[in-house]
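The next block holds one structure in the form of structure tokens; read it before the comments.
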Amino acid sequence: MKKIFGLLLIGLTTLSVTAQTDAKAKAILDKVSKQTKTYKTVIVDFSLTITAPDQSPIKQRGKAYMKGDKYYISLPDQEIFCNNVKVWTYIKDDNECYVTDVEDAEDDEIVQPSELLTIWENGFTYKYSKELTYAGKKVHEIYLYPKDKKGSKYHTIILRIDKIKNQVVYAHIKGKDGVHMKYSLSKMTTNASISDNKFIFVKSKHPGVTIIEE
């Protein structure tokens, strides 16, 4: 469970998974991708709910700082640092830090938070669902389906896009293993100044920490 929050930016659904990419969904997502790539940095306040078969739901609030492929995620029970070379997952209660190479994290199909904002760009078809009001905002709802249905660990991803700001405000990631992850992005700050030190775990700031190389 120590890494589950690092699988970000992810049951069965009653909708058909044979849907092909449609033009309306593509136009909306292309616009979001183009805008997101102009951001030098992104800071996101979010809430996360994880449900799994035979387990009680996990609900947490957190904050993510992103700068290119670097990121830092702060949660009540853990912190995740990535400087695009190493990933450090610090478990607060255990005072343990798990260290992984970025390449190994990618092999494990860990979804980086920056990818959540443009996750549709690789390996998905998409279908426009509807327009609705979510958290007081008019949003587009779009369904994503993996192209490699057998090889993917995901069944469906449901996105909600703010119509005015062209930003992801909600993501519901449905795993084939029955794990559901629901992200609500309540606030997004772009182009703020963030030091590169933010993305590095500093051992001296955590006296007695046990470092576990994976």
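Quick note on naming: the chains in the structure tokens go A, B, ... in the order shown, residues restart at 1 in each chain, and ligands are numbered from 1 in order of appearance.
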Q | Shell around Glu214 of chain A at 8 Å using only C-alpha atoms, local window under 5 positions removed, as a ChimeraX atom specification | A | /A:98-100
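The neighbours of Tyr90 of chain A here are the residues that come within 6 Å of it, using only C-alpha atoms and leaving out any residue fewer than 2 positions away in the same chain; they are Gln78, Glu79, Glu96 and Cys97 of chain A.
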Q.
Which residues are near Arg61 of chain A? Cut-off 8 Å, only C-alpha atoms, ignore same chain within fewer than 5 positions. Put them as a list in words.
A.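 Listing them by chain and then by number gives Asp45, Phe46, Ser47, Leu48, Leu75 and Pro76 of chain A.
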Q: For atom CA of Thr41 of chain A and atom CA of Ile194 of chain A, quote the distance in Å rounded to one decimal.
A: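 So the answer is 7.3 Å.
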Q: as a PyMOL selection string, please: all residues of chain A that backbone DSSP puts in helix (DSSP H, G or I).
A: chain A and resi 4-6+23-36+102-107+113-116+119-121+196-199+203-205
Determine, counting only C-alpha atoms, which protein, DNA and RNA residues have an atom within 6 Å of an atom of segment 168-174 of chain A; residues of the same chain fewer than 3 positions away are not included. Present the result as an mmCIF file with C-alpha atoms, in the first residue's frame.
```
data_model
loop_
_atom_site.group_PDB
_atom_site.id
_atom_site.type_symbol
_atom_site.label_atom_id
_atom_site.label_comp_id
_atom_site.auth_asym_id
_atom_site.auth_seq_id
_atom_site.Cartn_x
_atom_site.Cartn_y
_atom_site.Cartn_z
ATOM 1 C CA ILE A 10 -5.368 5.367 -11.362
ATOM 2 C CA GLY A 11 -14.403 -2.262 -11.498
ATOM 3 C CA TYR A 154 -6.733 0.179 -16.419
ATOM 4 C CA HIS A 155 -10.278 -0.493 -17.491
ATOM 5 C CA THR A 156 -11.626 3.043 -17.888
ATOM 6 C CA ILE A 157 -10.659 6.583 -16.923
ATOM 7 C CA ILE A 158 -13.348 9.250 -16.579
ATOM 8 C CA LEU A 159 -12.206 12.862 -16.849
ATOM 9 C CA ARG A 160 -14.015 16.113 -16.198
ATOM 10 C CA ILE A 161 -12.616 19.210 -17.892
ATOM 11 C CA HIS A 180 -10.956 2.773 -8.044
ATOM 12 C CA MET A 181 -9.088 6.054 -7.559
ATOM 13 C CA LYS A 182 -11.044 9.313 -7.632
ATOM 14 C CA TYR A 183 -9.126 12.588 -7.766
ATOM 15 C CA SER A 184 -10.813 15.934 -7.300
ATOM 16 C CA LEU A 185 -8.529 18.859 -8.204
#
```
Q: For each of A:Lys153, A:Gly208, A:Thr118, A:Val179, take the minimum atom-to-atom distance to Ile50 of chain A, counting only C-alpha atoms, then give the residue where this is smallest.
A: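 Once distances to Ile50 of chain A are computed over only C-alpha atoms, the minimum belongs to A:Val179.
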Dump as a tab-separated table the rows for residues of segment 41-67 of chain A within 10 Å of segment 196-200 of chain A: closest atom pair and distance in Å with one decimal, only C-alpha atoms counted, ordered by chain and rising residue number.
```
residue	atom	partner	partner_atom	distance
A:Tyr65	CA	A:Lys198	CA	8.3
A:Met66	CA	A:Phe199	CA	8.7
A:Lys67	CA	A:Asp196	CA	8.3
```
All heavy atoms of the current selection, written as a JSON list (two decimals), in the first residue's frame:
```json
[["chain", "number", "residue", "atom", "x", "y", "z"],
["A", 65, "TYR", "N", 3.25, 19.34, -6.37],
["A", 65, "TYR", "CA", 4.05, 20.38, -7.02],
["A", 65, "TYR", "C", 4.73, 19.74, -8.22],
["A", 65, "TYR", "O", 5.37, 18.69, -8.09],
["A", 65, "TYR", "CB", 5.12, 20.92, -6.06],
["A", 65, "TYR", "CG", 4.58, 21.59, -4.82],
["A", 65, "TYR", "CD1", 4.06, 20.85, -3.77],
["A", 65, "TYR", "CD2", 4.61, 22.98, -4.68],
["A", 65, "TYR", "CE1", 3.57, 21.46, -2.62],
["A", 65, "TYR", "CE2", 4.13, 23.61, -3.54],
["A", 65, "TYR", "CZ", 3.61, 22.84, -2.51],
["A", 65, "TYR", "OH", 3.13, 23.45, -1.38],
["A", 66, "MET", "N", 4.61, 20.35, -9.38],
["A", 66, "MET", "CA", 5.16, 19.78, -10.60],
["A", 66, "MET", "C", 5.98, 20.81, -11.37],
["A", 66, "MET", "O", 5.59, 21.97, -11.48],
["A", 66, "MET", "CB", 4.03, 19.25, -11.49],
["A", 66, "MET", "CG", 3.31, 18.06, -10.89],
["A", 66, "MET", "SD", 1.72, 17.73, -11.71],
["A", 66, "MET", "CE", 0.61, 18.64, -10.64],
["A", 67, "LYS", "N", 7.09, 20.34, -11.91],
["A", 67, "LYS", "CA", 7.98, 21.19, -12.70],
["A", 67, "LYS", "C", 8.61, 20.31, -13.76],
["A", 67, "LYS", "O", 9.55, 19.57, -13.48],
["A", 67, "LYS", "CB", 9.03, 21.83, -11.81],
["A", 67, "LYS", "CG", 9.94, 22.85, -12.48],
["A", 67, "LYS", "CD", 10.88, 23.44, -11.44],
["A", 67, "LYS", "CE", 11.77, 24.53, -12.03],
["A", 67, "LYS", "NZ", 12.69, 25.10, -11.00]]
```
